[in-house]
file upload_1.tsv (TSV, C-alpha atoms)
chain	number	residue	atom	x	y	z
A	14	MET	CA	23.97	46.81	51.95
A	15	SER	CA	24.31	46.07	55.64
A	16	ASP	CA	26.02	42.95	56.92
A	17	PRO	CA	23.33	40.22	57.29
A	18	ALA	CA	24.98	39.20	60.57
A	19	GLU	CA	24.93	42.81	61.95
A	20	VAL	CA	23.61	41.76	65.32
A	21	HIS	CA	23.04	45.24	66.76
A	22	ALA	CA	20.73	46.15	63.88
A	23	LEU	CA	18.26	43.41	64.82
A	24	ASP	CA	14.93	44.46	66.29
A	25	PRO	CA	14.44	43.23	69.89
A	26	GLU	CA	11.90	40.56	68.90
A	27	SER	CA	14.19	39.04	66.27
A	28	PHE	CA	17.09	39.07	68.74
A	29	GLU	CA	15.01	37.32	71.42
A	30	GLU	CA	13.79	34.73	68.94
A	31	ARG	CA	17.31	34.04	67.71
A	32	VAL	CA	19.16	33.74	71.04
A	33	HIS	CA	16.49	31.57	72.67
A	34	SER	CA	16.61	29.00	69.88
A	35	PHE	CA	18.11	25.53	69.84
A	36	GLN	CA	19.82	26.51	66.58
A	37	PHE	CA	21.66	29.34	68.35
A	38	TRP	CA	22.61	27.04	71.24
A	39	PHE	CA	23.92	24.39	68.88
A	40	GLU	CA	26.09	26.82	66.90
A	41	ALA	CA	27.35	28.46	70.11
A	42	VAL	CA	28.46	25.33	71.96
A	43	GLN	CA	30.09	23.92	68.81
A	44	GLY	CA	32.62	26.72	69.13
A	45	TYR	CA	34.03	25.57	72.44
A	46	LEU	CA	33.06	21.92	72.89
A	47	VAL	CA	33.71	20.37	69.51
A	48	ASP	CA	37.17	18.97	70.29
A	49	ARG	CA	36.53	18.18	73.95
A	50	GLU	CA	35.99	14.84	75.65
A	51	TYR	CA	34.20	15.17	78.96
A	52	GLY	CA	34.91	18.91	78.87
A	53	HIS	CA	38.65	18.92	78.16
A	54	ARG	CA	41.15	18.14	75.42
A	55	PRO	CA	41.83	14.42	75.68
A	56	GLU	CA	45.58	14.87	75.26
A	57	LEU	CA	45.96	16.85	78.50
A	58	PRO	CA	47.97	14.77	80.97
A	59	GLU	CA	46.51	13.99	84.39
A	60	PRO	CA	48.27	16.29	86.89
A	61	GLU	CA	50.17	15.00	89.87
A	62	LEU	CA	48.28	16.05	92.98
A	63	THR	CA	49.22	15.48	96.59
A	64	GLU	CA	46.76	13.33	98.56
A	65	SER	CA	45.53	16.43	100.35
A	66	GLU	CA	45.03	18.39	97.10
A	67	ARG	CA	43.19	15.46	95.56
A	68	ASP	CA	40.97	15.04	98.61
A	69	ARG	CA	40.02	18.73	98.66
A	70	LEU	CA	39.30	18.70	94.91
A	71	VAL	CA	37.09	15.63	95.30
A	72	THR	CA	35.05	17.39	98.01
A	73	VAL	CA	34.60	20.47	95.83
A	74	LEU	CA	33.63	18.41	92.75
A	75	CYS	CA	31.12	16.43	94.81
A	76	ASN	CA	29.45	19.67	95.83
A	77	TYR	CA	29.51	20.95	92.25
A	78	CYS	CA	27.65	17.74	91.32
A	79	VAL	CA	24.96	18.54	93.91
A	80	GLY	CA	24.60	22.07	92.52
A	81	GLU	CA	24.41	20.83	88.94
A	82	THR	CA	21.87	18.15	89.86
A	83	ALA	CA	19.74	20.82	91.54
A	84	ALA	CA	19.95	22.96	88.39
A	85	LEU	CA	19.20	19.96	86.14
A	86	ASP	CA	16.12	18.99	88.13
A	87	GLY	CA	15.08	22.62	88.47
A	88	ALA	CA	15.44	23.53	84.79
A	89	SER	CA	13.71	20.38	83.58
A	90	GLY	CA	10.82	20.83	86.03
A	91	LEU	CA	10.38	24.45	85.01
A	92	ILE	CA	9.84	23.68	81.32
A	93	ALA	CA	6.25	22.69	82.10
A	94	VAL	CA	5.72	25.94	84.03
A	95	ALA	CA	7.45	28.26	81.53
A	96	PRO	CA	5.05	30.93	80.27
A	97	ASN	CA	5.83	30.81	76.56
A	98	ARG	CA	7.57	28.98	73.73
A	99	LEU	CA	10.85	30.91	73.92
A	100	THR	CA	11.34	30.29	77.64
A	101	LYS	CA	10.45	26.60	77.19
A	102	ILE	CA	12.97	26.19	74.38
A	103	PHE	CA	15.69	28.09	76.22
A	104	LEU	CA	15.17	25.98	79.34
A	105	SER	CA	15.41	22.83	77.25
A	106	THR	CA	18.89	23.96	76.13
A	107	GLN	CA	19.75	24.71	79.75
A	108	VAL	CA	18.69	21.19	80.71
A	109	VAL	CA	21.17	19.80	78.17
A	110	ASP	CA	23.90	22.09	79.57
A	111	GLU	CA	23.21	21.06	83.17
A	112	GLY	CA	23.20	17.36	82.24
A	113	ARG	CA	26.57	17.83	80.56
A	114	HIS	CA	27.97	19.68	83.61
A	115	LEU	CA	26.92	16.87	85.92
A	116	GLU	CA	28.45	14.32	83.57
A	117	VAL	CA	31.82	16.07	83.20
A	118	PHE	CA	32.17	16.69	86.95
A	119	ARG	CA	31.30	13.05	87.66
A	120	HIS	CA	33.79	11.94	85.02
A	121	ARG	CA	36.45	14.12	86.66
A	122	LEU	CA	35.76	12.34	89.96
A	123	LEU	CA	36.25	8.98	88.24
A	124	ALA	CA	39.52	10.21	86.70
A	125	LEU	CA	40.69	11.23	90.17
A	126	GLY	CA	40.17	7.67	91.33
A	127	VAL	CA	36.75	7.94	92.98
A	128	GLU	CA	35.25	4.52	92.29
A	129	HIS	CA	31.68	5.25	93.36
A	130	PRO	CA	30.98	8.94	92.71
A	131	GLU	CA	27.34	8.81	93.87
A	132	ASP	CA	28.37	7.41	97.29
A	133	GLU	CA	31.12	9.99	97.60
A	134	ILE	CA	28.74	12.82	96.64
A	135	GLU	CA	26.30	11.60	99.29
A	136	ARG	CA	29.08	11.50	101.89
A	137	ARG	CA	30.67	14.86	101.11
A	138	ALA	CA	27.72	17.07	100.10
A	139	SER	CA	27.33	20.23	102.13
A	140	PRO	CA	24.16	20.15	104.30
A	141	ARG	CA	23.49	23.77	103.35
A	142	LEU	CA	23.64	22.97	99.64
A	143	ARG	CA	21.27	20.04	100.16
A	144	GLU	CA	18.89	22.39	101.93
A	145	PHE	CA	19.12	24.88	99.05
A	146	ARG	CA	18.31	22.05	96.65
A	147	ARG	CA	15.26	21.03	98.69
A	148	LYS	CA	13.96	24.60	98.74
A	149	LEU	CA	14.48	24.98	94.98
A	150	GLU	CA	12.65	21.67	94.40
A	151	ALA	CA	9.77	22.95	96.52
A	152	LEU	CA	9.49	26.17	94.48
A	153	VAL	CA	9.42	24.14	91.25
A	154	ALA	CA	6.84	21.72	92.69
A	155	GLU	CA	4.67	24.74	93.62
A	156	ARG	CA	4.99	25.89	89.99
A	157	ASP	CA	6.27	29.24	91.27
A	158	TRP	CA	7.96	30.45	88.06
A	159	ASP	CA	9.31	33.78	89.33
A	160	ALA	CA	10.71	32.52	92.63
A	161	ALA	CA	12.15	29.35	91.10
A	162	ILE	CA	13.87	31.21	88.23
A	163	PHE	CA	15.23	33.69	90.76
A	164	ALA	CA	16.56	30.91	93.01
A	165	GLN	CA	17.99	28.89	90.17
A	166	ASN	CA	19.11	31.26	87.39
A	167	VAL	CA	20.02	34.28	89.50
A	168	ILE	CA	21.15	33.02	92.91
A	169	LEU	CA	22.52	29.54	92.16
A	170	GLU	CA	23.87	30.22	88.66
A	171	ALA	CA	25.53	33.52	89.55
A	172	MET	CA	27.19	31.99	92.57
A	173	GLU	CA	28.39	29.01	90.53
A	174	PHE	CA	29.63	31.39	87.84
A	175	SER	CA	31.75	33.33	90.35
A	176	THR	CA	33.06	30.22	92.11
A	177	PHE	CA	33.98	28.41	88.89
A	178	GLN	CA	35.78	31.51	87.64
A	179	MET	CA	37.75	31.78	90.86
A	180	HIS	CA	38.45	28.04	90.95
A	181	ALA	CA	39.64	28.04	87.31
A	182	GLY	CA	42.41	30.44	88.32
A	183	TYR	CA	43.81	27.89	90.79
A	184	ALA	CA	42.86	24.58	89.21
A	185	ASP	CA	44.98	21.91	87.53
A	186	PRO	CA	44.89	22.13	83.69
A	187	ILE	CA	42.17	19.48	83.19
A	188	THR	CA	39.82	20.80	85.87
A	189	ARG	CA	40.47	24.31	84.56
A	190	GLU	CA	39.38	23.41	81.03
A	191	VAL	CA	36.29	21.65	82.33
A	192	LEU	CA	35.39	24.74	84.38
A	193	ILE	CA	36.00	27.20	81.52
A	194	GLY	CA	33.60	25.30	79.26
A	195	ILE	CA	30.96	25.37	81.97
A	196	ILE	CA	31.46	29.10	82.64
A	197	LYS	CA	30.66	29.76	78.97
A	198	ASP	CA	27.34	27.92	79.39
A	199	GLU	CA	26.61	29.74	82.64
A	200	ARG	CA	26.74	33.14	80.92
A	201	ARG	CA	23.60	32.19	79.00
A	202	HIS	CA	21.87	30.88	82.12
A	203	ILE	CA	22.49	33.96	84.29
A	204	GLY	CA	21.57	36.27	81.43
A	205	PHE	CA	18.31	34.39	80.86
A	206	GLY	CA	17.40	34.61	84.56
A	207	GLU	CA	18.12	38.31	84.89
A	208	ASN	CA	16.39	39.26	81.64
A	209	GLU	CA	13.32	37.14	82.30
A	210	LEU	CA	12.87	38.53	85.80
A	211	GLY	CA	13.71	42.07	84.70
A	212	ARG	CA	10.89	41.94	82.14
A	213	ARG	CA	8.43	40.49	84.66
A	214	LEU	CA	9.36	43.03	87.35
A	215	LYS	CA	8.74	45.81	84.87
A	216	HIS	CA	5.13	44.68	84.49
A	217	HIS	CA	4.60	43.39	88.05
A	218	PRO	CA	6.65	45.58	90.42
A	219	THR	CA	4.99	44.03	93.49
A	220	LEU	CA	6.85	40.83	92.65
A	221	ARG	CA	10.02	42.52	93.95
A	222	GLU	CA	8.95	42.13	97.59
A	223	ARG	CA	8.39	38.41	97.22
A	224	LEU	CA	11.75	37.93	95.53
A	225	GLN	CA	13.35	39.82	98.42
A	226	ARG	CA	11.91	37.25	100.82
A	227	VAL	CA	13.22	34.39	98.66
A	228	ARG	CA	16.61	36.05	98.59
A	229	GLN	CA	16.70	36.47	102.38
A	230	GLU	CA	15.90	32.78	102.79
A	231	LEU	CA	18.36	31.42	100.23
A	232	ASP	CA	21.29	33.83	100.27
A	233	PRO	CA	22.84	32.51	103.49
A	234	LEU	CA	22.68	28.91	102.28
A	235	VAL	CA	24.42	29.57	98.99
A	236	LEU	CA	26.97	32.00	100.40
A	237	ALA	CA	27.95	29.58	103.16
A	238	THR	CA	28.23	26.71	100.68
A	239	LEU	CA	30.50	28.63	98.38
A	240	GLU	CA	32.58	29.91	101.26
A	241	GLU	CA	33.12	26.25	102.20
A	242	ALA	CA	34.15	25.43	98.63
A	243	LEU	CA	36.65	28.28	98.45
A	244	GLY	CA	38.02	27.21	101.82
A	245	GLU	CA	38.59	23.71	100.42
A	246	LEU	CA	40.31	25.26	97.41
A	247	GLN	CA	42.47	27.37	99.73
A	248	VAL	CA	41.64	30.57	97.87
A	249	PRO	CA	43.18	33.46	99.84
A	250	ARG	CA	40.58	35.15	102.04
A	251	ALA	CA	41.17	38.57	100.45
A	252	GLU	CA	40.22	37.21	97.01
A	253	ARG	CA	37.02	35.61	98.28
A	254	GLU	CA	35.50	39.09	98.64
A	255	ASP	CA	35.05	39.05	94.87
A	256	LEU	CA	32.93	35.93	95.17
A	257	GLY	CA	29.52	37.51	95.21
A	258	ARG	CA	30.28	40.59	93.13
A	259	SER	CA	28.50	39.54	89.94
A	260	TYR	CA	25.55	38.17	91.91
A	261	LEU	CA	25.21	41.34	93.99
A	262	ALA	CA	25.41	43.47	90.85
A	263	ALA	CA	22.61	41.40	89.26
A	264	VAL	CA	20.25	41.68	92.23
A	265	GLU	CA	21.02	45.39	92.46
A	266	ARG	CA	20.08	45.86	88.77
A	267	LEU	CA	16.84	44.00	89.45
A	268	GLY	CA	16.24	46.07	92.59
A	269	VAL	CA	15.88	42.98	94.80
A	270	ARG	CA	17.31	44.01	98.15
A	271	GLY	CA	18.71	41.55	100.64
B	27	MET	CA	11.88	77.65	57.65
B	28	SER	CA	14.70	76.25	55.56
B	29	ALA	CA	17.09	78.77	57.14
B	30	GLU	CA	16.17	77.46	60.63
B	31	ILE	CA	16.84	73.90	59.60
B	32	ALA	CA	20.18	74.91	58.23
B	33	LYS	CA	21.15	76.27	61.67
B	34	LEU	CA	20.43	72.99	63.53
B	35	PRO	CA	23.60	71.38	64.87
B	36	THR	CA	24.48	68.27	62.97
B	37	GLU	CA	25.88	65.13	64.60
B	38	PRO	CA	29.54	64.62	63.66
B	39	ALA	CA	30.01	61.63	61.40
B	40	ARG	CA	30.73	58.40	63.22
B	41	ARG	CA	33.95	56.58	62.69
B	42	LYS	CA	33.48	53.18	61.03
B	43	TYR	CA	35.28	50.04	62.10
B	44	GLU	CA	35.98	46.86	60.20
B	45	LEU	CA	35.55	43.93	62.56
B	46	PHE	CA	37.31	40.60	62.23
B	47	ASP	CA	36.79	37.29	63.97
B	48	ASP	CA	40.35	37.36	65.29
B	49	THR	CA	40.09	37.57	69.07
B	50	GLY	CA	39.49	33.90	69.86
B	51	PHE	CA	36.03	34.55	71.23
B	52	ASP	CA	34.10	31.32	70.70
B	53	GLU	CA	30.92	31.55	72.76
B	54	VAL	CA	28.45	32.59	70.06
B	55	PRO	CA	27.78	31.25	66.54
B	56	LYS	CA	30.68	31.85	64.16
B	57	LYS	CA	28.96	34.57	62.11
B	58	TYR	CA	28.51	36.76	65.22
B	59	ARG	CA	31.89	36.25	66.90
B	60	LYS	CA	33.47	39.39	65.49
B	61	PHE	CA	31.01	41.47	67.52
B	62	TYR	CA	32.44	40.28	70.83
B	63	ARG	CA	35.71	39.76	72.65
B	64	ARG	CA	36.83	38.75	76.13
B	65	TRP	CA	37.60	41.53	78.56
B	66	GLY	CA	41.07	41.59	80.10
B	67	GLY	CA	40.00	43.34	83.28
B	68	GLU	CA	40.61	46.87	84.57
B	69	GLY	CA	43.77	47.35	82.50
B	70	ASP	CA	42.02	46.56	79.22
B	71	PRO	CA	40.75	49.85	77.74
B	72	LEU	CA	37.68	49.88	75.53
B	73	ALA	CA	37.76	51.37	72.03
B	74	PRO	CA	35.13	53.94	70.95
B	75	ASN	CA	33.19	51.14	69.24
B	76	GLU	CA	33.16	48.93	72.36
B	77	VAL	CA	31.13	48.68	75.55
B	78	LEU	CA	31.29	46.20	78.41
B	79	CYS	CA	28.29	43.97	79.14
B	80	PRO	CA	27.56	44.51	82.85
B	81	VAL	CA	25.85	41.11	83.13
B	82	CYS	CA	28.56	38.78	81.84
B	83	LYS	CA	31.63	41.05	81.41
B	84	ILE	CA	32.10	40.37	77.70
B	85	VAL	CA	33.14	43.30	75.48
B	86	ILE	CA	30.52	44.12	72.85
B	87	ARG	CA	31.86	45.58	69.60
B	88	SER	CA	30.12	47.55	66.88
B	89	ASN	CA	31.19	48.36	63.34
B	90	ARG	CA	30.67	52.05	64.10
B	91	GLU	CA	31.66	54.38	66.91
B	92	LEU	CA	29.16	54.04	69.76
B	93	ARG	CA	27.27	57.00	71.24
B	94	PRO	CA	24.86	57.41	74.16
B	95	GLY	CA	21.42	56.15	73.19
B	96	ASP	CA	22.64	53.38	70.88
B	97	ARG	CA	21.24	49.89	71.38
B	98	VAL	CA	23.56	46.91	71.41
B	99	TYR	CA	23.07	43.24	72.19
B	100	CYS	CA	25.21	40.82	74.16
B	101	MET	CA	24.71	37.41	72.57
B	102	ALA	CA	26.87	35.69	75.19
B	103	CYS	CA	24.25	36.34	77.90
B	104	MET	CA	21.32	37.48	75.73
B	105	ALA	CA	21.15	40.98	77.26
B	106	ARG	CA	19.81	44.04	75.46
B	107	LEU	CA	21.76	47.15	76.40
B	108	ARG	CA	21.40	50.89	75.93
B	109	VAL	CA	24.68	52.79	75.66
B	110	ALA	CA	25.02	55.66	78.14
B	111	GLU	CA	27.70	57.97	79.44
B	112	GLY	CA	29.07	56.85	82.79
B	113	PRO	CA	30.06	59.17	85.67
B	114	ASP	CA	33.63	59.39	84.36
B	115	GLY	CA	32.53	60.16	80.81
B	116	ALA	CA	33.26	56.66	79.52
B	117	LEU	CA	30.53	54.73	77.70
B	118	VAL	CA	28.67	52.11	79.72
B	119	GLY	CA	25.99	49.58	78.81
B	120	LEU	CA	22.74	49.70	80.79
B	121	VAL	CA	20.54	46.61	80.70
B	122	GLU	CA	17.09	47.11	79.20
B	123	TYR	CA	14.50	44.55	80.18

call {"tool": "encode", "arguments": {"input": "upload_1.tsv", "output": "structure tokens"}}
result
Amino acid sequence: MSDPAEVHALDPESFEERVHSFQFWFEAVQGYLVDREYGHRPELPEPELTESERDRLVTVLCNYCVGETAALDGASGLIAVAPNRLTKIFLSTQVVDEGRHLEVFRHRLLALGVEHPEDEIERRASPRLREFRRKLEALVAERDWDAAIFAQNVILEAMEFSTFQMHAGYADPITREVLIGIIKDERRHIGFGENELGRRLKHHPTLRERLQRVRQELDPLVLATLEEALGELQVPRAEREDLGRSYLAAVERLGVRG
Amino acid sequence: MSAEIAKLPTEPARRKYELFDDTGFDEVPKKYRKFYRRWGGEGDPLAPNEVLCPVCKIVIRSNRELRPGDRVYCMACMARLRVAEGPDGALVGLVEY
């Protein structure tokens, strides 16, 4: 008798049903969040940072908060536009993830001594990231499912995924743990975006041209924002070349040229 | 007719693998964790029952040796993959939408 949990023996429909469920989400996040408080083990001591290191980290976290707020608003707005039950339910789990990300980054700002995080976010947010957020909001308001999922779950999420991974390699232990927990959530979000668009492109190949235009408009904003973040983190220039690798691989698999 | 069938090449038996939830991978529900592990980068070779997910870079494991044409799933990023032979002869996972 085969193992009841033999995942590769599932038929595609059963797999889709299972991984897009709240039950799957709940059992997955339990594995890596159960003993965390605001994204990290509570016993980890606060690191000693120089004033300059602290200031740069605050700027980066403020911009992460803008990105997470954009994703939170985007994912929640898209639930009403989602074409079927599975995409609606998956997006509802993504909304919970994005809300958590915003909360843990904001809490990290408080722990670093930022008394009024919202004011600091307003003061330090990258203009390019704000512009990206406005454009994403417009796509959601237009109920443009394909373009909004592309902007949010492929462009924004893949770029965040790469940046958080790179940042985790240089971060203090608390920030690192917070980032690692978020990266685990992001895997689901980028996979959802690529798979959803891959399926739609298969049936509507003309959609590819429109996504190319969206990419041309948004790529420079996100790339410049993340370049700024890595500059703040003082990541060596040679290592920044890896930044867009996973994103570029995803758009190449989808056939969406820049 | 039966003589012709007897001449058909048969696929060599696949090696079986017993999987354990012992790699520390914690991103999917507990009952599925043994089917995945983290990838250690270029210096981390894949076993004959493993293939790398190109979307999220998690190693997918099977309880049998993998061969081109097999279907596997990455639960970490929800991708469906078809196993294929890469240019260097190693097995790769191609995303199926």

call {"tool": "residues_around", "arguments": {"input": "upload_1.tsv", "residues": "B:Arg90", "least_positions_apart": "6", "cutoff": "8 Å", "atoms": "all atoms listed in the file", "output": "list in words"}}
result
Arg40, Arg41, Lys42, Tyr43 and Asn75 of chain B

call {"tool": "closest_residue", "arguments": {"input": "upload_1.tsv", "among": "B:Phe51, B:Tyr123, B:Phe46, B:Tyr62", "to": "chain A", "atoms": "all atoms listed in the file"}}
result
B:Tyr123

call {"tool": "atom_distance", "arguments": {"input": "upload_1.tsv", "atom1": "atom CA of A:Glu19", "atom2": "atom CA of B:Asp96"}}
result
14.0 Å

call {"tool": "closest_residue", "arguments": {"input": "upload_1.tsv", "among": "A:Ser139, A:Leu104, A:Val227, A:Val109", "to": "A:Phe163", "atoms": "all atoms listed in the file"}}
result
A:Val227

call {"tool": "interface_residues", "arguments": {"input": "upload_1.tsv", "of": "chain A", "to": "chain B", "cutoff": "10 Å", "atoms": "all atoms listed in the file", "output": "mmCIF file with C-alpha atoms, in the coordinates of the input"}}
result
data_model
loop_
_atom_site.group_PDB
_atom_site.id
_atom_site.type_symbol
_atom_site.label_atom_id
_atom_site.label_comp_id
_atom_site.auth_asym_id
_atom_site.auth_seq_id
_atom_site.Cartn_x
_atom_site.Cartn_y
_atom_site.Cartn_z
ATOM 1 C CA ASP A 16 26.020 42.950 56.920
ATOM 2 C CA PRO A 17 23.330 40.220 57.290
ATOM 3 C CA ALA A 18 24.980 39.200 60.570
ATOM 4 C CA GLU A 19 24.930 42.810 61.950
ATOM 5 C CA VAL A 20 23.610 41.760 65.320
ATOM 6 C CA HIS A 21 23.040 45.240 66.760
ATOM 7 C CA ALA A 22 20.730 46.150 63.880
ATOM 8 C CA LEU A 23 18.260 43.410 64.820
ATOM 9 C CA ASP A 24 14.930 44.460 66.290
ATOM 10 C CA PRO A 25 14.440 43.230 69.890
ATOM 11 C CA PHE A 28 17.090 39.070 68.740
ATOM 12 C CA GLU A 29 15.010 37.320 71.420
ATOM 13 C CA ARG A 31 17.310 34.040 67.710
ATOM 14 C CA VAL A 32 19.160 33.740 71.040
ATOM 15 C CA HIS A 33 16.490 31.570 72.670
ATOM 16 C CA GLN A 36 19.820 26.510 66.580
ATOM 17 C CA PHE A 37 21.660 29.340 68.350
ATOM 18 C CA TRP A 38 22.610 27.040 71.240
ATOM 19 C CA PHE A 39 23.920 24.390 68.880
ATOM 20 C CA GLU A 40 26.090 26.820 66.900
ATOM 21 C CA ALA A 41 27.350 28.460 70.110
ATOM 22 C CA VAL A 42 28.460 25.330 71.960
ATOM 23 C CA GLN A 43 30.090 23.920 68.810
ATOM 24 C CA GLY A 44 32.620 26.720 69.130
ATOM 25 C CA TYR A 45 34.030 25.570 72.440
ATOM 26 C CA LEU A 46 33.060 21.920 72.890
ATOM 27 C CA ALA A 171 25.530 33.520 89.550
ATOM 28 C CA PHE A 174 29.630 31.390 87.840
ATOM 29 C CA GLY A 194 33.600 25.300 79.260
ATOM 30 C CA LYS A 197 30.660 29.760 78.970
ATOM 31 C CA ASP A 198 27.340 27.920 79.390
ATOM 32 C CA GLU A 199 26.610 29.740 82.640
ATOM 33 C CA ARG A 200 26.740 33.140 80.920
ATOM 34 C CA ARG A 201 23.600 32.190 79.000
ATOM 35 C CA HIS A 202 21.870 30.880 82.120
ATOM 36 C CA ILE A 203 22.490 33.960 84.290
ATOM 37 C CA GLY A 204 21.570 36.270 81.430
ATOM 38 C CA PHE A 205 18.310 34.390 80.860
ATOM 39 C CA GLY A 206 17.400 34.610 84.560
ATOM 40 C CA GLU A 207 18.120 38.310 84.890
ATOM 41 C CA ASN A 208 16.390 39.260 81.640
ATOM 42 C CA GLU A 209 13.320 37.140 82.300
ATOM 43 C CA LEU A 210 12.870 38.530 85.800
ATOM 44 C CA GLY A 211 13.710 42.070 84.700
ATOM 45 C CA ARG A 212 10.890 41.940 82.140
ATOM 46 C CA ARG A 213 8.430 40.490 84.660
ATOM 47 C CA LEU A 214 9.360 43.030 87.350
ATOM 48 C CA LYS A 215 8.740 45.810 84.870
ATOM 49 C CA SER A 259 28.500 39.540 89.940
ATOM 50 C CA TYR A 260 25.550 38.170 91.910
ATOM 51 C CA ALA A 262 25.410 43.470 90.850
ATOM 52 C CA ALA A 263 22.610 41.400 89.260
ATOM 53 C CA ARG A 266 20.080 45.860 88.770
ATOM 54 C CA LEU A 267 16.840 44.000 89.450
#

call {"tool": "residues_near_point", "arguments": {"input": "upload_1.tsv", "point": "(31.2, 58.8, 74.2)", "cutoff": "8 Å", "atoms": "all atoms listed in the file", "output": "compact mmCIF listing (two decimals) with C-alpha atoms, in the frame of the given file"}}
result
# COMPACT_ATOMS: atom_id res chain seq x y z
CA PRO B 74 35.13 53.94 70.95
CA LEU B 92 29.16 54.04 69.76
CA ARG B 93 27.27 57.00 71.24
CA PRO B 94 24.86 57.41 74.16
CA ALA B 110 25.02 55.66 78.14
CA GLU B 111 27.70 57.97 79.44
CA GLY B 115 32.53 60.16 80.81
CA ALA B 116 33.26 56.66 79.52
CA LEU B 117 30.53 54.73 77.70

call {"tool": "residues_around", "arguments": {"input": "upload_1.tsv", "residues": "A:Arg54", "least_positions_apart": "2", "cutoff": "12 Å", "atoms": "all atoms listed in the file", "output": "PDB file with C-alpha atoms, in the coordinates of the input"}}
result
ATOM      1  CA  TYR A  45      34.030  25.570  72.440  1.00  0.00           C
ATOM      2  CA  LEU A  46      33.060  21.920  72.890  1.00  0.00           C
ATOM      3  CA  VAL A  47      33.710  20.370  69.510  1.00  0.00           C
ATOM      4  CA  ASP A  48      37.170  18.970  70.290  1.00  0.00           C
ATOM      5  CA  ARG A  49      36.530  18.180  73.950  1.00  0.00           C
ATOM      6  CA  GLU A  50      35.990  14.840  75.650  1.00  0.00           C
ATOM      7  CA  TYR A  51      34.200  15.170  78.960  1.00  0.00           C
ATOM      8  CA  GLY A  52      34.910  18.910  78.870  1.00  0.00           C
ATOM      9  CA  GLU A  56      45.580  14.870  75.260  1.00  0.00           C
ATOM     10  CA  LEU A  57      45.960  16.850  78.500  1.00  0.00           C
ATOM     11  CA  PRO A  58      47.970  14.770  80.970  1.00  0.00           C
ATOM     12  CA  GLU A  59      46.510  13.990  84.390  1.00  0.00           C
ATOM     13  CA  PRO A 186      44.890  22.130  83.690  1.00  0.00           C
ATOM     14  CA  ILE A 187      42.170  19.480  83.190  1.00  0.00           C
ATOM     15  CA  THR A 188      39.820  20.800  85.870  1.00  0.00           C
ATOM     16  CA  ARG A 189      40.470  24.310  84.560  1.00  0.00           C
ATOM     17  CA  GLU A 190      39.380  23.410  81.030  1.00  0.00           C
ATOM     18  CA  VAL A 191      36.290  21.650  82.330  1.00  0.00           C
ATOM     19  CA  GLY A 194      33.600  25.300  79.260  1.00  0.00           C
TER      20      GLY A 194
END

call {"tool": "atom_distance", "arguments": {"input": "upload_1.tsv", "atom1": "atom CA of A:Glu30", "atom2": "atom CA of A:Leu115"}}
result
27.9 Å

call {"tool": "atom_distance", "arguments": {"input": "upload_1.tsv", "atom1": "atom CA of A:Gly257", "atom2": "atom CA of A:His217"}}
result
26.6 Å

call {"tool": "residues_around", "arguments": {"input": "upload_1.tsv", "residues": "A:Leu91", "least_positions_apart": "4", "cutoff": "9 Å", "atoms": "only C-alpha atoms", "output": "ChimeraX atom specification"}}
result
/A:86-87,95,101,104,153-154,156-158,161-162

call {"tool": "closest_residue", "arguments": {"input": "upload_1.tsv", "among": "A:Glu241, A:Glu61, A:Glu155, A:Asp68", "to": "A:Val127", "atoms": "only C-alpha atoms"}}
result
A:Asp68

call {"tool": "residues_around", "arguments": {"input": "upload_1.tsv", "residues": "stretch 70-78 of chain A", "least_positions_apart": "2", "cutoff": "6 Å", "atoms": "all atoms listed in the file", "output": "PyMOL selection string"}}
result
chain A and resi 67-68+80-82+115+134+137-138+242

call {"tool": "closest_residue", "arguments": {"input": "upload_1.tsv", "among": "B:Leu78, B:Ala73, B:Glu68, B:Glu91", "to": "B:Pro38", "atoms": "all atoms listed in the file"}}
result
B:Glu91
